[in-house]
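Encoded as structure tokens, the structure appears first; notes follow it.
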Amino acid sequence: QEPLVESGGGLVQAGGSLRLSCAASGIIIRFFTMGWYRQAPGKQRELVAAITRAGATNYADSVKGRFTISRDIAKNTVYLQMNSLKPEDGAVYYCNAYSGVQDYWGQGTQVTVSS
């Protein structure tokens, strides 16, 4: 079983919202820095948001004020709430778990934003 499974992607109109989920199994997210990355066609994968083991968060400048990363320790799940979506937010979104020793990636979920 894959350690990270993303869900929640889809097609949304510009200005709309989506919530992505990353369910972890076999690992405990509170021991990892959890991140959401995205990769658009022809572009490099980029960090969108991350939450550290201590719960501190950081965001790419392009999503500050619009996206929120959170985690539910009990459910072992990380979320990315995306509001005010723009066409340029369209990409495959990947969940990552990083501990400095272990590094896991999900399979990705597609987000498409129509103008």
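Scheme for the structure tokens: letters A, B, ... for chains in order shown; per-chain residue numbers from 1; ligand numbers from 1 in order shown.
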Checklist entry - Can you tell me, as a ChimeraX atom specification, what residues are no more than 10 Å from segment 6-22 of chain A when counting only C-alpha atoms, ignoring any on the same chain fewer than 5 positions away? => result /A:34-36,66-71,76-96,105-115
Checklist entry - Distance atom CA of Ala49 of chain A-atom CA of Tyr37 of chain A, one decimal place? => result 7.1 Å
Next on the checklist: Please compute the atom CA of Ala56 of chain A-atom CA of Arg30 of chain A distance, one decimal, in Å.
Outcome noted: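 It comes out at 11.7 Å.
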Checklist entry - Just asking: which residues within chain A are helix (DSSP H, G or I) according to DSSP, as a list in words? => result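 Taking chain A and keeping helix (DSSP H, G or I) only, one gets Ile29, Arg30, Phe31, Asp61, Ser62, Val63, Pro87, Glu88 and Asp89 of chain A.
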Would you put the residues from that selection into a file with N, CA and C atoms, as a CSV table (one decimal), in the first residue's frame?
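Final output, out.csv:
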```
chain,number,residue,atom,x,y,z
A,29,ILE,N,2.2,11.0,10.4
A,29,ILE,CA,2.5,12.3,9.8
A,29,ILE,C,3.2,13.3,10.8
A,30,ARG,N,2.9,13.1,12.1
A,30,ARG,CA,3.4,14.1,13.1
A,30,ARG,C,4.9,14.0,13.2
A,31,PHE,N,5.5,12.9,12.7
A,31,PHE,CA,6.9,12.8,12.7
A,31,PHE,C,7.6,13.3,11.4
A,61,ASP,N,4.7,32.2,-2.2
A,61,ASP,CA,4.2,33.6,-2.3
A,61,ASP,C,2.9,33.6,-3.2
A,62,SER,N,2.9,32.8,-4.2
A,62,SER,CA,1.8,32.8,-5.2
A,62,SER,C,0.5,32.3,-4.6
A,63,VAL,N,0.5,31.6,-3.4
A,63,VAL,CA,-0.7,31.1,-2.9
A,63,VAL,C,-1.0,31.7,-1.5
A,87,PRO,N,-6.5,30.1,-12.9
A,87,PRO,CA,-6.1,29.2,-14.0
A,87,PRO,C,-4.7,28.7,-13.8
A,88,GLU,N,-3.8,29.6,-13.3
A,88,GLU,CA,-2.4,29.2,-13.2
A,88,GLU,C,-2.2,28.3,-12.0
A,89,ASP,N,-3.2,28.0,-11.2
A,89,ASP,CA,-3.1,27.1,-10.1
A,89,ASP,C,-3.2,25.6,-10.6
```
Checklist entry - For Val48 of chain A, which residue out of A:Thr33, A:Lys64, A:Ile27, A:Gln1 is the nearest one, using only C-alpha atoms? => result A:Lys64
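Proximity of A:Pro3, A:Ile51, A:Phe32, A:Ser25 to Val101 of chain A, computed with only C-alpha atoms, is greatest for A:Phe32.
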Checklist entry - Quick one: distance from atom CA of Ala24 of chain A to atom CA of Gly55 of chain A in Å, one decimal? => result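 Between atom CA of Ala24 of chain A and atom CA of Gly55 of chain A the gap is 16.8 Å.
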